[in-house]
Amino acid sequence: MKIIIINGPNLNLLGKRETTIYGNTSFEDYFKGLQKAYPTVQLEYFQSNIEGELIDKLHEVGFEYGGVILNAAAYTHTSVGIGDAIKAIESPVIEVHISNVYAREEFRHRSYISPNAKGIIIGLGLQGYELALQAFL
Ligand code: DQA
């Protein structure tokens with residue numbers, strides 16, 4: 001089964017960015033470990049800081065892949081376009097957030113992804129991506 005992890009804006013800085021919230025591990029390192037742990041899964045990773053590129057990627061994979069693990073980061077709280085893209089595609093999407101967005105500022109409590117997601121994993125750190133992967137498998 002082909003599964004893709006899609007990360008949104010600023011998540012390219014994981015490991016360096018607000019480490020008390022997001023931890024010290026870069027996503028590239030975490031992803032390498034995940035690939036090693038699940039060698040039989042066709043697992044891909046895409047990150048962009050640009051909303052339209054995230055939408056294009058969802059369109060590209062969304063009629064073929066068995067699952068999409070999506071952390072749309074700040075666009076979660078603002079992007080009608082990404083919400084609509086999830087509605088438009090056929091692949092199931094699991095929404096992941098590293099931090100517990102409900103324990104943070106109120107603007108993070110709104111998600112345009114959640115109503116269209118198959119499931120949501122929030123606040124369990126990077127482990128959330130692996131739990132989403134296991135759910136698809
Ligand atoms: C995040 C939470 C968002 O509110 C924030 O904008 C992010 C990361 C998370 O994984 O905890 O960039 O999606």
# chains A, B, ... in the order shown; residues from 1 in each chain; ligands from 1

$ closest_atom_pairs --of "stretch 17-73 of chain A" --to "stretch 87-106 of chain A" --cutoff "6 Å" --atoms "only C-alpha atoms" --output "JSON lines"
{"residue": "A:Gly62", "atom": "CA", "partner": "A:Ser91", "partner_atom": "CA", "distance": 4.9}
{"residue": "A:Phe63", "atom": "CA", "partner": "A:Glu90", "partner_atom": "CA", "distance": 5.4}
{"residue": "A:Gly66", "atom": "CA", "partner": "A:Ser91", "partner_atom": "CA", "distance": 5.9}
{"residue": "A:Gly67", "atom": "CA", "partner": "A:Pro92", "partner_atom": "CA", "distance": 5.2}
{"residue": "A:Val68", "atom": "CA", "partner": "A:Val93", "partner_atom": "CA", "distance": 4.7}
{"residue": "A:Ile69", "atom": "CA", "partner": "A:Ile94", "partner_atom": "CA", "distance": 4.9}
{"residue": "A:Leu70", "atom": "CA", "partner": "A:Glu95", "partner_atom": "CA", "distance": 5.0}
{"residue": "A:Asn71", "atom": "CA", "partner": "A:Val96", "partner_atom": "CA", "distance": 5.0}

$ residues_around --residues "A:Gly83" --least-positions-apart "2" --cutoff "7 Å" --atoms "only C-alpha atoms" --output "PyMOL selection string"
chain A and resi 79-81+85-87+112-113+116

$ residues_around --residues "stretch 46-61 of chain A" --least-positions-apart "2" --cutoff "6 Å" --atoms "only C-alpha atoms" --output "list in words"
Ile6, Asn7, Gly8, Pro9, Phe63, Glu64, Tyr65 and Ile82 of chain A

$ write_last_selection --atoms "all heavy atoms" --output "short mmCIF file (atom, residue, chain, number, x, y, z; two decimals), in the first residue's frame"
data_model
loop_
_atom_site.label_atom_id
_atom_site.label_comp_id
_atom_site.auth_asym_id
_atom_site.auth_seq_id
_atom_site.Cartn_x
_atom_site.Cartn_y
_atom_site.Cartn_z
N ILE A 6 2.20 14.12 4.49
CA ILE A 6 2.29 15.48 3.96
C ILE A 6 2.35 16.46 5.14
O ILE A 6 1.45 16.47 5.99
CB ILE A 6 1.08 15.81 3.05
CG1 ILE A 6 1.03 14.84 1.86
CG2 ILE A 6 1.14 17.26 2.58
CD1 ILE A 6 -0.15 15.08 0.91
N ASN A 7 3.40 17.23 5.18
CA ASN A 7 3.57 18.24 6.23
C ASN A 7 3.48 19.64 5.65
O ASN A 7 4.02 19.92 4.57
CB ASN A 7 4.94 18.08 6.91
CG ASN A 7 4.91 17.08 8.06
OD1 ASN A 7 3.85 16.72 8.56
ND2 ASN A 7 6.09 16.65 8.49
N GLY A 8 2.81 20.51 6.39
CA GLY A 8 2.64 21.89 5.95
C GLY A 8 3.71 22.84 6.47
O GLY A 8 4.80 22.41 6.88
N PRO A 9 3.38 24.12 6.50
CA PRO A 9 4.38 25.18 6.71
C PRO A 9 5.10 25.10 8.05
O PRO A 9 4.51 24.76 9.07
CB PRO A 9 3.55 26.47 6.63
CG PRO A 9 2.15 26.06 6.87
CD PRO A 9 2.03 24.67 6.31
N PHE A 63 -6.13 9.98 -5.65
CA PHE A 63 -6.98 8.99 -6.33
C PHE A 63 -6.24 7.68 -6.49
O PHE A 63 -6.68 6.79 -7.21
CB PHE A 63 -7.44 9.55 -7.69
CG PHE A 63 -8.34 10.75 -7.52
CD1 PHE A 63 -7.81 12.03 -7.45
CD2 PHE A 63 -9.72 10.59 -7.37
CE1 PHE A 63 -8.63 13.14 -7.26
CE2 PHE A 63 -10.55 11.69 -7.17
CZ PHE A 63 -10.00 12.96 -7.12
N GLU A 64 -5.07 7.58 -5.85
CA GLU A 64 -4.22 6.41 -6.05
C GLU A 64 -3.73 5.81 -4.73
O GLU A 64 -3.67 4.59 -4.60
CB GLU A 64 -3.01 6.86 -6.90
CG GLU A 64 -2.15 5.72 -7.39
CD GLU A 64 -0.79 6.20 -7.86
OE1 GLU A 64 -0.66 7.37 -8.26
OE2 GLU A 64 0.15 5.39 -7.79
N TYR A 65 -3.37 6.66 -3.78
CA TYR A 65 -2.72 6.16 -2.57
C TYR A 65 -3.75 5.60 -1.59
O TYR A 65 -4.89 6.04 -1.53
CB TYR A 65 -1.91 7.28 -1.91
CG TYR A 65 -0.61 7.59 -2.61
CD1 TYR A 65 -0.54 7.63 -4.00
CD2 TYR A 65 0.54 7.84 -1.89
CE1 TYR A 65 0.65 7.91 -4.65
CE2 TYR A 65 1.74 8.13 -2.53
CZ TYR A 65 1.79 8.16 -3.91
OH TYR A 65 2.97 8.43 -4.54
N ILE A 82 -7.62 23.63 1.45
CA ILE A 82 -7.12 22.29 1.81
C ILE A 82 -8.29 21.44 2.29
O ILE A 82 -8.40 20.26 1.95
CB ILE A 82 -5.97 22.38 2.83
CG1 ILE A 82 -4.76 23.06 2.19
CG2 ILE A 82 -5.59 20.98 3.33
CD1 ILE A 82 -3.58 23.29 3.11
#

$ atom_distance --atom1 "atom CA of A:Val41" --atom2 "atom CA of A:Ala74"
28.3 Å

$ select_by_dssp --residues "chain A" --states "alpha helix (DSSP H)" --output "ChimeraX atom specification"
/A:19-22,27-37,51-61,80-88,127-136

$ atom_distance --atom1 "atom 13 (O, counted along the ligand's line) of ligand 1" --atom2 "atom CA of A:Thr40"
27.6 Å

$ closest_residue --among "A:Ile5, A:Gly33, A:Ile21, A:Asp84" --to "A:Tyr45" --atoms "only C-alpha atoms"
A:Ile5

$ atom_distance --atom1 "atom CA of A:Leu124" --atom2 "atom 11 (O, counted along the ligand's line) of ligand 1"
9.1 Å

$ residues_around --residues "A:Leu13" --least-positions-apart "4" --cutoff "10 Å" --atoms "only C-alpha atoms" --output "NGL selection string"
:A and (9 or 17-19 or 22 or 25-27)

$ write_last_selection --atoms "N, CA, C and O atoms" --output "mmCIF file, in the first residue's frame"
data_model
loop_
_atom_site.group_PDB
_atom_site.id
_atom_site.type_symbol
_atom_site.label_atom_id
_atom_site.label_comp_id
_atom_site.auth_asym_id
_atom_site.auth_seq_id
_atom_site.Cartn_x
_atom_site.Cartn_y
_atom_site.Cartn_z
ATOM 1 N N PRO A 9 3.382 24.122 6.502
ATOM 2 C CA PRO A 9 4.376 25.175 6.712
ATOM 3 C C PRO A 9 5.102 25.100 8.053
ATOM 4 O O PRO A 9 4.513 24.758 9.072
ATOM 5 N N ARG A 17 12.832 24.312 15.638
ATOM 6 C CA ARG A 17 11.755 25.271 15.860
ATOM 7 C C ARG A 17 11.057 24.996 17.196
ATOM 8 O O ARG A 17 10.613 23.883 17.444
ATOM 9 N N GLU A 18 10.929 26.024 18.044
ATOM 10 C CA GLU A 18 10.156 25.913 19.297
ATOM 11 C C GLU A 18 10.267 24.502 19.881
ATOM 12 O O GLU A 18 9.262 23.790 20.026
ATOM 13 N N THR A 19 11.476 24.138 20.253
ATOM 14 C CA THR A 19 11.747 22.735 20.624
ATOM 15 C C THR A 19 10.997 22.292 21.886
ATOM 16 O O THR A 19 10.757 21.097 22.053
ATOM 17 N N TYR A 22 7.769 21.264 20.027
ATOM 18 C CA TYR A 22 7.826 20.295 18.923
ATOM 19 C C TYR A 22 8.979 19.283 19.022
ATOM 20 O O TYR A 22 9.070 18.390 18.177
ATOM 21 N N THR A 25 13.874 16.495 17.378
ATOM 22 C CA THR A 25 14.145 15.587 16.247
ATOM 23 C C THR A 25 13.707 16.237 14.938
ATOM 24 O O THR A 25 12.596 16.769 14.845
ATOM 25 N N SER A 26 14.571 16.159 13.927
ATOM 26 C CA SER A 26 14.167 16.671 12.608
ATOM 27 C C SER A 26 13.225 15.644 11.972
ATOM 28 O O SER A 26 13.303 14.438 12.266
ATOM 29 N N PHE A 27 12.335 16.116 11.084
ATOM 30 C CA PHE A 27 11.391 15.166 10.496
ATOM 31 C C PHE A 27 12.118 14.181 9.590
ATOM 32 O O PHE A 27 11.721 13.015 9.499
#

$ select_by_dssp --residues "chain A" --states "strand (DSSP E or B)" --output "PyMOL selection string"
chain A and resi 2-7+42-47+67-71+93-97+119-122

$ closest_residue --among "A:Gly23, A:Leu11, A:Arg110, A:Tyr38" --to "A:Gln134" --atoms "only C-alpha atoms"
A:Tyr38

$ closest_residue --among "A:Leu137, A:Ala72, A:Leu14, A:Ile120" --to "ligand 1" --atoms "only C-alpha atoms and all ligand atoms"
A:Ala72
